[in-house]
Structure formats: C-alpha cells, structure tokens
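Structure below is protein21.cif: mmCIF, C-alpha atoms and all ligand atoms.
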```cif
data_run
#
loop_
_atom_site.group_PDB
_atom_site.id
_atom_site.type_symbol
_atom_site.label_atom_id
_atom_site.label_comp_id
_atom_site.auth_asym_id
_atom_site.auth_seq_id
_atom_site.Cartn_x
_atom_site.Cartn_y
_atom_site.Cartn_z
ATOM 1 C CA MET A 70 0.000 0.000 0.000
ATOM 2 C CA SER A 71 1.437 3.407 -0.863
ATOM 3 C CA THR A 72 1.813 5.952 1.888
ATOM 4 C CA ALA A 73 -0.219 9.165 1.806
ATOM 5 C CA THR A 74 2.073 11.124 4.136
ATOM 6 C CA PRO A 75 5.604 12.430 3.416
ATOM 7 C CA ALA A 76 8.508 11.406 5.633
ATOM 8 C CA ILE A 77 8.970 13.913 8.474
ATOM 9 C CA ALA A 78 12.026 13.966 10.728
ATOM 10 C CA CYS A 79 11.096 13.432 14.383
ATOM 11 C CA THR A 80 14.021 15.388 15.883
ATOM 12 C CA PRO A 81 12.761 17.536 18.785
ATOM 13 C CA ARG A 82 12.918 21.236 18.023
ATOM 14 C CA ASP A 83 12.110 24.545 19.611
ATOM 15 C CA PRO A 84 8.481 25.663 19.501
ATOM 16 C CA LEU A 85 7.615 27.149 16.122
ATOM 17 C CA PRO A 86 7.290 30.930 15.878
ATOM 18 C CA PRO A 87 4.245 32.714 14.455
ATOM 19 C CA PRO A 88 4.595 33.673 10.784
ATOM 20 C CA PRO A 89 5.928 37.119 9.886
ATOM 21 C CA LEU A 90 3.564 39.474 8.132
ATOM 22 C CA PRO A 91 4.088 39.548 4.354
ATOM 23 C CA ASP A 92 5.515 42.873 3.204
ATOM 24 C CA ALA A 93 3.644 44.853 0.605
ATOM 25 C CA GLY A 94 6.755 45.051 -1.625
ATOM 26 C CA THR A 95 6.655 41.326 -2.473
ATOM 27 C CA HIS A 96 4.076 39.602 -4.686
ATOM 28 C CA TRP A 97 2.447 36.931 -2.552
ATOM 29 C CA ALA A 98 0.238 33.933 -3.245
ATOM 30 C CA ILE A 99 -1.875 32.454 -0.448
ATOM 31 C CA PHE A 100 -3.004 28.821 -0.240
ATOM 32 C CA LEU A 101 -5.486 27.826 2.453
ATOM 33 C CA ASP A 102 -6.563 24.470 3.796
ATOM 34 C CA VAL A 103 -10.175 24.515 5.041
ATOM 35 C CA ASP A 104 -11.193 22.166 7.894
ATOM 36 C CA GLY A 105 -9.141 22.751 11.026
ATOM 37 C CA THR A 106 -7.494 25.802 9.428
ATOM 38 C CA LEU A 107 -10.259 28.215 8.390
ATOM 39 C CA LEU A 108 -13.107 26.317 10.064
ATOM 40 C CA ASP A 109 -13.329 24.725 13.494
ATOM 41 C CA PHE A 110 -14.119 21.024 13.497
ATOM 42 C CA ALA A 111 -17.718 19.890 13.953
ATOM 43 C CA ASP A 112 -19.238 16.423 14.316
ATOM 44 C CA ASP A 113 -20.982 16.562 10.948
ATOM 45 C CA PRO A 114 -18.873 17.507 7.880
ATOM 46 C CA LEU A 115 -22.030 18.933 6.291
ATOM 47 C CA ALA A 116 -22.760 21.208 9.272
ATOM 48 C CA VAL A 117 -19.743 23.537 8.978
ATOM 49 C CA ARG A 118 -20.078 26.920 7.306
ATOM 50 C CA PRO A 119 -17.870 30.035 7.215
ATOM 51 C CA ASP A 120 -19.444 33.103 8.804
ATOM 52 C CA ALA A 121 -19.913 36.387 6.954
ATOM 53 C CA ALA A 122 -16.745 37.966 8.421
ATOM 54 C CA LEU A 123 -14.510 35.124 7.228
ATOM 55 C CA LEU A 124 -16.154 35.098 3.800
ATOM 56 C CA GLY A 125 -15.705 38.863 3.472
ATOM 57 C CA LEU A 126 -12.045 38.619 4.511
ATOM 58 C CA LEU A 127 -11.239 35.833 2.043
ATOM 59 C CA HIS A 128 -12.975 37.572 -0.863
ATOM 60 C CA ALA A 129 -11.179 40.834 -0.034
ATOM 61 C CA LEU A 130 -7.817 39.034 0.090
ATOM 62 C CA HIS A 131 -8.587 37.303 -3.201
ATOM 63 C CA ARG A 132 -9.220 40.688 -4.817
ATOM 64 C CA ARG A 133 -6.164 42.284 -3.162
ATOM 65 C CA LEU A 134 -3.947 39.462 -4.482
ATOM 66 C CA ASP A 135 -5.415 39.756 -8.002
ATOM 67 C CA GLY A 136 -6.784 36.220 -7.693
ATOM 68 C CA ALA A 137 -3.631 34.612 -6.225
ATOM 69 C CA LEU A 138 -5.508 32.937 -3.358
ATOM 70 C CA ALA A 139 -6.642 29.318 -3.537
ATOM 71 C CA LEU A 140 -8.379 26.867 -1.235
ATOM 72 C CA VAL A 141 -6.550 23.510 -1.080
ATOM 73 C CA SER A 142 -8.816 20.970 0.555
ATOM 74 C CA GLY A 143 -9.821 17.363 0.974
ATOM 75 C CA ARG A 144 -13.360 18.471 0.169
ATOM 76 C CA GLU A 145 -14.743 18.322 -3.378
ATOM 77 C CA LEU A 146 -14.531 21.495 -5.473
ATOM 78 C CA ALA A 147 -18.330 21.631 -5.602
ATOM 79 C CA ASP A 148 -18.420 21.599 -1.802
ATOM 80 C CA LEU A 149 -15.827 24.391 -1.580
ATOM 81 C CA ASP A 150 -17.807 26.493 -4.070
ATOM 82 C CA ARG A 151 -20.994 25.935 -2.053
ATOM 83 C CA LEU A 152 -19.317 26.913 1.222
ATOM 84 C CA PHE A 153 -17.210 29.869 0.037
ATOM 85 C CA ALA A 154 -19.122 31.192 -3.021
ATOM 86 C CA ALA A 155 -15.771 30.773 -4.764
ATOM 87 C CA SER A 156 -16.514 29.148 -8.130
ATOM 88 C CA HIS A 157 -14.415 31.873 -9.826
ATOM 89 C CA TRP A 158 -11.346 31.095 -7.683
ATOM 90 C CA ALA A 159 -8.484 28.723 -8.391
ATOM 91 C CA ALA A 160 -8.827 25.752 -6.049
ATOM 92 C CA ALA A 161 -7.709 22.189 -5.387
ATOM 93 C CA GLY A 162 -10.261 19.653 -4.167
ATOM 94 C CA LEU A 163 -9.996 16.048 -2.986
ATOM 95 C CA HIS A 164 -6.389 16.612 -1.836
ATOM 96 C CA GLY A 165 -5.405 17.759 -5.337
ATOM 97 C CA LEU A 166 -7.270 15.144 -7.378
ATOM 98 C CA GLN A 167 -9.449 17.989 -8.647
ATOM 99 C CA LEU A 168 -7.759 21.206 -9.756
ATOM 100 C CA ARG A 169 -9.202 24.445 -11.119
ATOM 101 C CA HIS A 170 -6.944 27.204 -12.396
ATOM 102 C CA ALA A 171 -7.826 30.878 -12.103
ATOM 103 C CA ASP A 172 -8.858 31.000 -15.787
ATOM 104 C CA GLY A 173 -11.526 28.386 -15.027
ATOM 105 C CA SER A 174 -9.739 25.498 -16.782
ATOM 106 C CA ARG A 175 -9.882 22.275 -14.837
ATOM 107 C CA ARG A 176 -8.111 18.936 -14.632
ATOM 108 C CA ASP A 177 -9.420 15.882 -12.836
ATOM 109 C CA PHE A 178 -7.385 12.852 -11.851
ATOM 110 C CA ALA A 179 -9.156 9.978 -13.616
ATOM 111 C CA VAL A 180 -9.680 6.486 -12.219
ATOM 112 C CA ALA A 181 -11.127 3.544 -14.178
ATOM 113 C CA PRO A 182 -14.846 3.216 -13.355
ATOM 114 C CA ALA A 183 -14.489 -0.464 -12.406
ATOM 115 C CA GLN A 184 -11.694 0.349 -9.947
ATOM 116 C CA GLN A 185 -13.749 3.139 -8.453
ATOM 117 C CA ALA A 186 -16.807 0.893 -8.078
ATOM 118 C CA HIS A 187 -14.643 -1.674 -6.282
ATOM 119 C CA MET A 188 -13.347 0.995 -3.867
ATOM 120 C CA ARG A 189 -16.840 2.280 -3.190
ATOM 121 C CA ASP A 190 -18.193 -1.209 -2.409
ATOM 122 C CA ALA A 191 -15.275 -1.869 -0.068
ATOM 123 C CA ALA A 192 -15.648 1.453 1.783
ATOM 124 C CA HIS A 193 -19.432 1.050 2.240
ATOM 125 C CA THR A 194 -18.993 -2.535 3.500
ATOM 126 C CA LEU A 195 -16.308 -1.401 5.942
ATOM 127 C CA ALA A 196 -18.372 1.522 7.277
ATOM 128 C CA ALA A 197 -21.317 -0.791 7.945
ATOM 129 C CA ARG A 198 -19.126 -2.919 10.231
ATOM 130 C CA PHE A 199 -18.334 -0.057 12.654
ATOM 131 C CA ASP A 200 -21.031 1.620 14.764
ATOM 132 C CA GLY A 201 -20.871 5.400 14.818
ATOM 133 C CA VAL A 202 -18.618 5.694 11.767
ATOM 134 C CA GLN A 203 -19.999 8.241 9.298
ATOM 135 C CA LEU A 204 -19.384 7.726 5.587
ATOM 136 C CA GLU A 205 -18.845 10.868 3.499
ATOM 137 C CA ASP A 206 -19.271 10.083 -0.187
ATOM 138 C CA LYS A 207 -17.012 12.316 -2.269
ATOM 139 C CA HIS A 208 -17.511 10.212 -5.411
ATOM 140 C CA ALA A 209 -13.882 9.692 -6.488
ATOM 141 C CA ALA A 210 -12.921 9.322 -2.822
ATOM 142 C CA ILE A 211 -14.715 8.200 0.337
ATOM 143 C CA ALA A 212 -14.054 9.403 3.879
ATOM 144 C CA LEU A 213 -14.908 7.342 6.966
ATOM 145 C CA HIS A 214 -15.332 9.733 9.909
ATOM 146 C CA CYS A 215 -14.832 8.666 13.543
ATOM 147 C CA ARG A 216 -15.536 12.009 15.239
ATOM 148 C CA ARG A 217 -18.726 10.629 16.820
ATOM 149 C CA ALA A 218 -17.015 7.347 17.735
ATOM 150 C CA PRO A 219 -13.297 8.073 18.221
ATOM 151 C CA ALA A 220 -12.713 4.778 20.044
ATOM 152 C CA GLN A 221 -13.438 2.986 16.754
ATOM 153 C CA LEU A 222 -10.483 4.577 14.964
ATOM 154 C CA PRO A 223 -7.706 2.040 15.774
ATOM 155 C CA ALA A 224 -9.809 -0.994 14.764
ATOM 156 C CA LEU A 225 -11.177 0.808 11.709
ATOM 157 C CA HIS A 226 -7.641 1.759 10.683
ATOM 158 C CA GLU A 227 -6.452 -1.823 10.979
ATOM 159 C CA ALA A 228 -9.404 -3.103 8.942
ATOM 160 C CA ALA A 229 -8.928 -0.372 6.316
ATOM 161 C CA ILE A 230 -5.262 -1.318 5.858
ATOM 162 C CA ALA A 231 -6.344 -4.905 5.202
ATOM 163 C CA VAL A 232 -8.959 -3.738 2.672
ATOM 164 C CA MET A 233 -6.378 -1.566 0.877
ATOM 165 C CA THR A 234 -4.398 -4.639 -0.184
ATOM 166 C CA HIS A 235 -7.323 -5.425 -2.517
ATOM 167 C CA LEU A 236 -7.605 -1.888 -3.922
ATOM 168 C CA PRO A 237 -4.716 -1.301 -6.333
ATOM 169 C CA GLY A 238 -4.424 2.312 -7.408
ATOM 170 C CA TYR A 239 -5.817 3.619 -4.119
ATOM 171 C CA GLU A 240 -4.185 4.846 -0.937
ATOM 172 C CA LEU A 241 -5.395 5.460 2.587
ATOM 173 C CA GLN A 242 -5.217 9.112 3.640
ATOM 174 C CA PRO A 243 -5.394 9.498 7.424
ATOM 175 C CA GLY A 244 -6.656 12.792 8.802
ATOM 176 C CA ASN A 245 -8.260 14.314 11.869
ATOM 177 C CA LEU A 246 -10.478 11.448 13.149
ATOM 178 C CA VAL A 247 -10.945 10.358 9.545
ATOM 179 C CA LEU A 248 -9.612 7.773 7.106
ATOM 180 C CA GLU A 249 -10.023 8.390 3.405
ATOM 181 C CA PHE A 250 -9.867 6.041 0.447
ATOM 182 C CA LYS A 251 -8.462 8.105 -2.415
ATOM 183 C CA PRO A 252 -6.773 7.408 -5.741
ATOM 184 C CA ALA A 253 -2.979 7.320 -5.352
ATOM 185 C CA GLY A 254 -0.631 9.590 -7.283
ATOM 186 C CA MET A 255 -1.763 13.077 -6.329
ATOM 187 C CA ASP A 256 -1.428 15.179 -3.201
ATOM 188 C CA LYS A 257 -1.728 18.779 -2.016
ATOM 189 C CA GLY A 258 1.986 19.445 -2.556
ATOM 190 C CA ARG A 259 1.789 18.581 -6.238
ATOM 191 C CA ALA A 260 -1.448 20.545 -6.601
ATOM 192 C CA VAL A 261 0.160 23.683 -5.130
ATOM 193 C CA LEU A 262 3.126 23.344 -7.511
ATOM 194 C CA GLU A 263 0.715 23.002 -10.450
ATOM 195 C CA LEU A 264 -1.102 26.157 -9.420
ATOM 196 C CA LEU A 265 2.215 28.002 -8.993
ATOM 197 C CA GLN A 266 3.045 27.329 -12.650
ATOM 198 C CA ARG A 267 0.142 29.404 -13.927
ATOM 199 C CA ALA A 268 -1.172 32.960 -13.623
ATOM 200 C CA PRO A 269 -1.806 34.667 -11.292
ATOM 201 C CA PHE A 270 0.351 32.482 -9.006
ATOM 202 C CA ALA A 271 3.492 32.155 -11.169
ATOM 203 C CA GLY A 272 6.452 34.182 -9.877
ATOM 204 C CA ARG A 273 4.839 34.900 -6.518
ATOM 205 C CA ARG A 274 6.125 33.890 -3.088
ATOM 206 C CA PRO A 275 3.749 31.295 -1.602
ATOM 207 C CA VAL A 276 2.162 31.144 1.843
ATOM 208 C CA TYR A 277 0.360 27.974 2.962
ATOM 209 C CA LEU A 278 -1.806 27.507 6.057
ATOM 210 C CA GLY A 279 -2.813 23.955 7.011
ATOM 211 C CA ASP A 280 -3.373 21.741 10.028
ATOM 212 C CA ASP A 281 -3.433 18.113 9.006
ATOM 213 C CA LEU A 282 -1.214 15.290 7.714
ATOM 214 C CA THR A 283 -2.357 15.878 4.157
ATOM 215 C CA ASP A 284 -1.024 19.452 4.407
ATOM 216 C CA GLU A 285 2.510 18.165 5.062
ATOM 217 C CA HIS A 286 2.880 17.504 1.324
ATOM 218 C CA ALA A 287 2.091 21.157 0.714
ATOM 219 C CA PHE A 288 4.514 22.325 3.429
ATOM 220 C CA ALA A 289 7.307 20.399 1.648
ATOM 221 C CA SER A 290 6.488 22.143 -1.657
ATOM 222 C CA ILE A 291 6.201 25.570 -0.045
ATOM 223 C CA ASN A 292 9.530 25.179 1.811
ATOM 224 C CA ALA A 293 11.221 24.190 -1.463
ATOM 225 C CA ARG A 294 9.875 27.417 -2.996
ATOM 226 C CA HIS A 295 11.122 29.537 -0.037
ATOM 227 C CA GLY A 296 7.583 30.334 1.005
ATOM 228 C CA LEU A 297 5.926 30.562 4.424
ATOM 229 C CA SER A 298 4.614 27.187 5.649
ATOM 230 C CA VAL A 299 2.262 27.665 8.602
ATOM 231 C CA ARG A 300 0.949 24.800 10.732
ATOM 232 C CA ILE A 301 -2.371 25.535 12.383
ATOM 233 C CA GLY A 302 -2.657 23.860 15.802
ATOM 234 C CA THR A 303 -0.072 21.746 17.608
ATOM 235 C CA ARG A 304 0.236 18.508 15.622
ATOM 236 C CA GLU A 305 3.840 17.229 15.560
ATOM 237 C CA PRO A 306 6.037 16.402 13.806
ATOM 238 C CA SER A 307 5.572 18.880 11.001
ATOM 239 C CA LEU A 308 7.581 20.262 8.102
ATOM 240 C CA ALA A 309 6.062 23.707 8.691
ATOM 241 C CA ALA A 310 8.332 26.597 9.668
ATOM 242 C CA PHE A 311 5.706 28.665 11.514
ATOM 243 C CA THR A 312 2.589 28.077 13.548
ATOM 244 C CA LEU A 313 -0.680 29.642 14.668
ATOM 245 C CA PRO A 314 -2.791 28.037 17.399
ATOM 246 C CA GLY A 315 -6.110 27.544 15.586
ATOM 247 C CA PRO A 316 -8.672 28.835 13.074
ATOM 248 C CA ALA A 317 -9.406 32.005 15.090
ATOM 249 C CA ALA A 318 -5.704 32.924 15.094
ATOM 250 C CA ALA A 319 -5.457 32.063 11.393
ATOM 251 C CA GLU A 320 -8.342 34.424 10.630
ATOM 252 C CA ALA A 321 -6.781 37.157 12.805
ATOM 253 C CA TRP A 322 -3.438 36.761 11.022
ATOM 254 C CA LEU A 323 -5.083 36.853 7.573
ATOM 255 C CA THR A 324 -6.879 40.049 8.619
ATOM 256 C CA ARG A 325 -3.490 41.599 9.407
ATOM 257 C CA VAL A 326 -2.087 40.316 6.133
ATOM 258 C CA LEU A 327 -4.872 42.081 4.250
ATOM 259 C CA ASP A 328 -4.175 45.244 6.213
ATOM 260 C CA ALA A 329 -0.410 45.000 5.559
ATOM 261 C CA LEU A 330 -0.886 44.351 1.838
ATOM 262 C CA THR A 331 -3.351 47.206 1.567
ATOM 263 C CA HIS A 332 -1.577 49.841 3.650
ATOM 264 C CA GLY A 333 2.004 48.597 3.473
ATOM 265 C CA ALA A 334 2.623 49.525 7.105
ATOM 266 C CA PRO A 335 4.356 47.428 9.798
ATOM 267 C CA ILE A 336 0.983 46.898 11.435
ATOM 268 C CA HIS A 337 2.360 44.606 14.151
ATOM 269 C CA ALA A 338 3.378 47.766 15.985
ATOM 270 C CA ARG A 339 -0.298 48.371 16.683
ATOM 271 C CA LEU A 340 -1.109 44.865 17.970
ATOM 272 C CA PRO A 341 -1.685 44.423 21.700
ATOM 273 C CA GLU A 342 0.748 42.638 24.014
ATOM 274 C CA GLY A 343 -0.088 38.948 24.300
ATOM 275 C CA ASP A 344 -1.640 38.723 20.841
ATOM 276 C CA PRO A 345 -0.535 35.296 19.455
ATOM 277 C CA THR A 346 0.108 36.770 16.007
ATOM 278 C CA ARG A 347 2.088 39.755 17.295
ATOM 279 C CA GLN A 348 5.573 40.060 15.796
ATOM 280 C CA PRO A 349 8.646 40.377 18.032
HETATM 281 O O1 LIG B 1 -8.128 19.385 3.621
HETATM 282 P P1 LIG B 1 -9.232 19.906 4.480
HETATM 283 O O2 LIG B 1 -9.925 21.089 3.902
HETATM 284 O O3 LIG B 1 -8.798 20.135 5.899
HETATM 285 O O4 LIG B 1 -10.302 18.730 4.509
HETATM 286 C C1 LIG B 1 -9.998 17.526 5.212
HETATM 287 C C2 LIG B 1 -11.290 16.812 5.523
HETATM 288 O O5 LIG B 1 -12.085 17.751 6.243
HETATM 289 C C3 LIG B 1 -13.412 17.374 6.567
HETATM 290 O O6 LIG B 1 -13.358 16.472 7.648
HETATM 291 C C4 LIG B 1 -12.892 17.093 8.826
HETATM 292 O O7 LIG B 1 -13.795 18.160 9.201
HETATM 293 C C5 LIG B 1 -15.143 17.727 9.546
HETATM 294 C C6 LIG B 1 -15.986 18.964 9.816
HETATM 295 O O8 LIG B 1 -15.463 19.699 10.892
HETATM 296 C C7 LIG B 1 -15.062 16.788 10.739
HETATM 297 O O9 LIG B 1 -16.373 16.300 11.054
HETATM 298 C C8 LIG B 1 -14.127 15.608 10.420
HETATM 299 O O10 LIG B 1 -13.961 14.787 11.570
HETATM 300 C C9 LIG B 1 -12.755 16.107 9.972
HETATM 301 O O11 LIG B 1 -11.918 15.013 9.563
HETATM 302 C C10 LIG B 1 -14.146 16.828 5.362
HETATM 303 O O12 LIG B 1 -15.374 16.269 5.786
HETATM 304 C C11 LIG B 1 -13.327 15.807 4.590
HETATM 305 O O13 LIG B 1 -13.996 15.482 3.370
HETATM 306 C C12 LIG B 1 -11.995 16.427 4.238
HETATM 307 O O14 LIG B 1 -11.193 15.503 3.505
#
```
As structure tokens, please, write out the structure in this file.
Amino acid sequence: MSTATPAIACTPRDPLPPPPLPDAGTHWAIFLDVDGTLLDFADDPLAVRPDAALLGLLHALHRRLDGALALVSGRELADLDRLFAASHWAAAGLHGLQLRHADGSRRDFAVAPAQQAHMRDAAHTLAARFDGVQLEDKHAAIALHCRRAPAQLPALHEAAIAVMTHLPGYELQPGNLVLEFKPAGMDKGRAVLELLQRAPFAGRRPVYLGDDLTDEHAFASINARHGLSVRIGTREPSLAAFTLPGPAAAEAWLTRVLDALTHGAPIHARLPEGDPTRQP
C-alpha cells in the first residue's frame, strides 16, 4: 500500500514561531486548507459553514492578491464552491485530485470506473461494520469519519489497511479522526506546484496555512519554494516553519495580512501585548 504522508524527521525542536507578516513590496500567493485551518471542526462535515466575516475577509484578500488565493482541501470542489461562493477562484479539491486554475480550466485525476466501483463497495462494507462511523461520499474518494465514535479509529484503521491490499491504485489518507480512500498519485503538494506554474500564481512567493497530515505535502512544496509554511494547531512532527494556534488565530493573522498588503505599514506595531500573532 502506498503511503499518503511524506517522511517527516522526528528530531525535537524549539516551539515554532508565528509567521511574519508579508511585506507589501513582495508579490504573494496564499493557499489555504479549510477544515481545522479556516473552520473549526464539527461532528458533521455537512454542518460547517464560514461566517460572513470570514467570507468577506477571504474575498477581499482574493481581490487584493489579483486572484492569487486558492483553497486547497480534501473536500470536493463543488463543496468548496458551495461553502465559500468561490466558483471563480483557483482551487484544489480532494487533496489535489481535482484542480481548477484561475482562468476556469480544470483537470481531474481519472480512475477507471471499475476500480472506483470496487473501492466504493469496499468502503461502504467497511463503514457498515463499525457503529458510529460516518461515511462521506465524495464520489472519487470516500471518507470514513470517527468524530462521533473516536474509540473505533484504531480498529477501523487496521481493517482499512487490510482492505487496501485489494484496492490497487488507491491509498489510505489518514486525517483528523478520519480515514479516506483516495486514488494514489496526487497530493496537495503537487497541486500547489501546479497552481504556482500558472497565472496569477506564477512568480509569486507562496504562503500555505494547514493543520493536518495531508497538508505536510504542501509544506514540503512551499519550503522548497522559499515560502511561508504555517501549521495551524499543535500537531507534531511537522515540516512547517511557523505556527498559529487555531482557526481564530489564522483568521486574525489573515486580517493583518490584508491590512499589511493594503496599507504597506508594519501593522504589528499596533497589535496588543499577548496577541498570538504579534511580531517580536
Ligand atoms: O483538507 P481539508 O480542507 O482540511 O479537509 C480535510 C477533511 O475535512 C473534513 O473532515 C474534517 O472536518 C469535519 C468537519 O469539521 C469533521 O467532522 C471531520 O472529523 C474532519 O476530519 C471533510 O469532511 C473531509 O472530506 C476532508 O477531507
């Protein structure tokens, strides 16, 4: 079975610092994971929704960056568009299996229908064996959520690994109280690099905010491009160079980024003592 997580060194290190504020003299591109980064976790994946302030902030940043802002998520593109009213944005869905460029062109990672049917049967059969496990059908991929029954996760994981040996072409993507069956061969890191090849992202310095294992692929790509990799939360180990404690701090930092890009001032001078995103 192929692994869905990049190798990460486990050497202990000092606590990560908060990210610096981007300066207005550099052209930036911003990539944002969704669940656990922009949105707090909820029991039901269908129950989450950004509030008006977050939506307004993201749309303002998208305009300020001339379109160089993309959501990079395990959710389907259609789900991202529904949640963020962002069908005119570049975006990566299903961990990069779906990709939309800013000009609206799209590429989808294809899987043979018979293979996909086999995966779907296996995932539904597995979900039925475990009480409290919620199946999220994302068509090309299927997520099995354990948030309502976290004690089921170890046994479910073991059973899923056994099932994977009969699903060539698929890999198991672990996440936050979730296991996902997804086609192998694509990840968020590759998706970000694809987006960075095309306008309006090409030539810009990338920033990536993410919280989960699947975001580690993107951190590796961002570090290689001398960008800012920002882990949301406390999960370790991580390839990220910076951290913010949670979605509220991520939103606060993005608000300051918008301010800095708009006014070009060292706005950290105005932030209160004790603010987690305050610069030294
Ligand atoms: O890459 P992301 O944007 O972070 O998406 C990863 C998965 O997020 C969602 O699941 C997670 O959030 C749910 C809602 O808070 C929560 O119920 C679940 O336990 C989390 O794992 C989404 O439902 C998945 O499809 C995404 O792959």
Running the PyMOL selection byres (((chain A and resi 278-292) around 7) and not hetatm) on this model by hand, what would come out? Give it as a ChimeraX atom specification.
/A:74-75,100-102,105-106,244-245,256-258,261-262,275-277,293-302,307-309
List the residues selected by the PyMOL selection byres (((chain A and resi 86) around 8) and not hetatm) in the file shown, writing them as a list in words.
Pro84, Leu85, Pro87, Pro88, Ala310, Phe311 and Thr312 of chain A
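Reported to one decimal place, the separation of CA of Ala93 in chain A from CA of Thr303 in chain A is 28.9 Å.
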Find the residues near ligand LIG 1 (chain B). Use a cut-off of 6 Å, count all atoms listed in the file, and write them as a PDB file with C-alpha atoms, keeping the file's coordinate frame.
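Output saved as pocket.pdb:
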```
ATOM      1  CA  ASP A 102      -6.563  24.470   3.796  1.00  0.00           C
ATOM      2  CA  VAL A 103     -10.175  24.515   5.041  1.00  0.00           C
ATOM      3  CA  ASP A 104     -11.193  22.166   7.894  1.00  0.00           C
ATOM      4  CA  GLY A 105      -9.141  22.751  11.026  1.00  0.00           C
ATOM      5  CA  PHE A 110     -14.119  21.024  13.497  1.00  0.00           C
ATOM      6  CA  ALA A 111     -17.718  19.890  13.953  1.00  0.00           C
ATOM      7  CA  ASP A 112     -19.238  16.423  14.316  1.00  0.00           C
ATOM      8  CA  ASP A 113     -20.982  16.562  10.948  1.00  0.00           C
ATOM      9  CA  PRO A 114     -18.873  17.507   7.880  1.00  0.00           C
ATOM     10  CA  VAL A 117     -19.743  23.537   8.978  1.00  0.00           C
ATOM     11  CA  SER A 142      -8.816  20.970   0.555  1.00  0.00           C
ATOM     12  CA  GLY A 143      -9.821  17.363   0.974  1.00  0.00           C
ATOM     13  CA  ARG A 144     -13.360  18.471   0.169  1.00  0.00           C
ATOM     14  CA  HIS A 214     -15.332   9.733   9.909  1.00  0.00           C
ATOM     15  CA  ARG A 216     -15.536  12.009  15.239  1.00  0.00           C
ATOM     16  CA  GLY A 244      -6.656  12.792   8.802  1.00  0.00           C
ATOM     17  CA  ASN A 245      -8.260  14.314  11.869  1.00  0.00           C
ATOM     18  CA  LEU A 246     -10.478  11.448  13.149  1.00  0.00           C
ATOM     19  CA  VAL A 247     -10.945  10.358   9.545  1.00  0.00           C
TER      20      VAL A 247
END
```
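Running the PyMOL selection byres (((chain A and resi 157-168) around 6) and not hetatm) on this file leaves Ala139, Leu140, Val141, Ser142, Gly143, Arg144, Glu145, Leu146, Ala155, Ser156, Arg169, His170, Ala171, Arg175, Arg176, Asp177, Phe178, Met255, Asp256, Lys257 and Ala260 of chain A selected.
Going from CA of Glu249 in chain A over to CA of Leu213 in chain A, you cover 6.1 Å.
Remark: for Leu115 in chain A, the closest of the candidate residues A:Thr234, A:Gln266, A:Gln203, A:Gln221 is A:Gln203 (distances computed over only C-alpha atoms).
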Return as AutoDock Vina command-line options the box centre and box size in Å, one decimal, for an axis-aligned box around all listed atoms of range 254-273 of chain A padded by 8 Å per side.
```
--center_x 2.3 --center_y 22.2 --center_z -8.0 --size_x 24.3 --size_y 41.3 --size_z 27.9
```
Spatial neighbours of Ala181 in chain A, max dist 12 Å, all atoms listed in the file, sep filter under 6 positions, as a PyMOL selection string:
chain A and resi 187-188+209+237-239+252
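Reported to one decimal place, the separation of CA of Ala129 in chain A from CA of Leu323 in chain A is 10.5 Å.
Among A:Ala319, A:Val232, A:Ala137, A:Leu327, the residue with the shortest atom-to-atom distance to Leu108 in chain A, counting only C-alpha atoms, is A:Ala319.
Each of A:Asp109, A:Glu205, A:Leu330, A:Gly315 was checked against His131 in chain A using all atoms listed in the file; the smallest atom-to-atom distance is that of A:Leu330.
Distances from A:Leu134, A:Arg189, A:Glu320, A:Phe153 to Thr95 in chain A were compared using all atoms listed in the file, and the smallest one belongs to A:Leu134.
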When you look at His193 in chain A with a cut-off of 9 Å (counting only C-alpha atoms), what residues show up, excluding the ones that are within fewer than 5 positions of it in the same chain? I need them as a PyMOL selection string.
chain A and resi 188+198+204+211
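Distances here use only C-alpha atoms; by that measure, the residue among A:Asp148, A:Leu236, A:Ala231, A:Pro243 closest to Ala186 in chain A is A:Leu236.
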Selection near Gln242 in chain A, 7 Å with all atoms listed in the file, sequence-local residues under 6 positions removed, as a PyMOL selection string
chain A and resi 73+248-251
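Restricting the calculation to all atoms listed in the file, the smallest distance between Ser174 in chain A and any of A:Leu264, A:Leu313, A:Leu130, A:Ala76 is found for A:Leu264.
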Provide range 210-230 of chain A of the preceding structure as a file containing C-alpha atoms, as a PDB file, in the first residue's frame.
```pdb
ATOM      1  CA  ALA A 210     -12.921   9.322  -2.822  1.00  0.00           C
ATOM      2  CA  ILE A 211     -14.715   8.200   0.337  1.00  0.00           C
ATOM      3  CA  ALA A 212     -14.054   9.403   3.879  1.00  0.00           C
ATOM      4  CA  LEU A 213     -14.908   7.342   6.966  1.00  0.00           C
ATOM      5  CA  HIS A 214     -15.332   9.733   9.909  1.00  0.00           C
ATOM      6  CA  CYS A 215     -14.832   8.666  13.543  1.00  0.00           C
ATOM      7  CA  ARG A 216     -15.536  12.009  15.239  1.00  0.00           C
ATOM      8  CA  ARG A 217     -18.726  10.629  16.820  1.00  0.00           C
ATOM      9  CA  ALA A 218     -17.015   7.347  17.735  1.00  0.00           C
ATOM     10  CA  PRO A 219     -13.297   8.073  18.221  1.00  0.00           C
ATOM     11  CA  ALA A 220     -12.713   4.778  20.044  1.00  0.00           C
ATOM     12  CA  GLN A 221     -13.438   2.986  16.754  1.00  0.00           C
ATOM     13  CA  LEU A 222     -10.483   4.577  14.964  1.00  0.00           C
ATOM     14  CA  PRO A 223      -7.706   2.040  15.774  1.00  0.00           C
ATOM     15  CA  ALA A 224      -9.809  -0.994  14.764  1.00  0.00           C
ATOM     16  CA  LEU A 225     -11.177   0.808  11.709  1.00  0.00           C
ATOM     17  CA  HIS A 226      -7.641   1.759  10.683  1.00  0.00           C
ATOM     18  CA  GLU A 227      -6.452  -1.823  10.979  1.00  0.00           C
ATOM     19  CA  ALA A 228      -9.404  -3.103   8.942  1.00  0.00           C
ATOM     20  CA  ALA A 229      -8.928  -0.372   6.316  1.00  0.00           C
ATOM     21  CA  ILE A 230      -5.262  -1.318   5.858  1.00  0.00           C
TER      22      ILE A 230
END
```
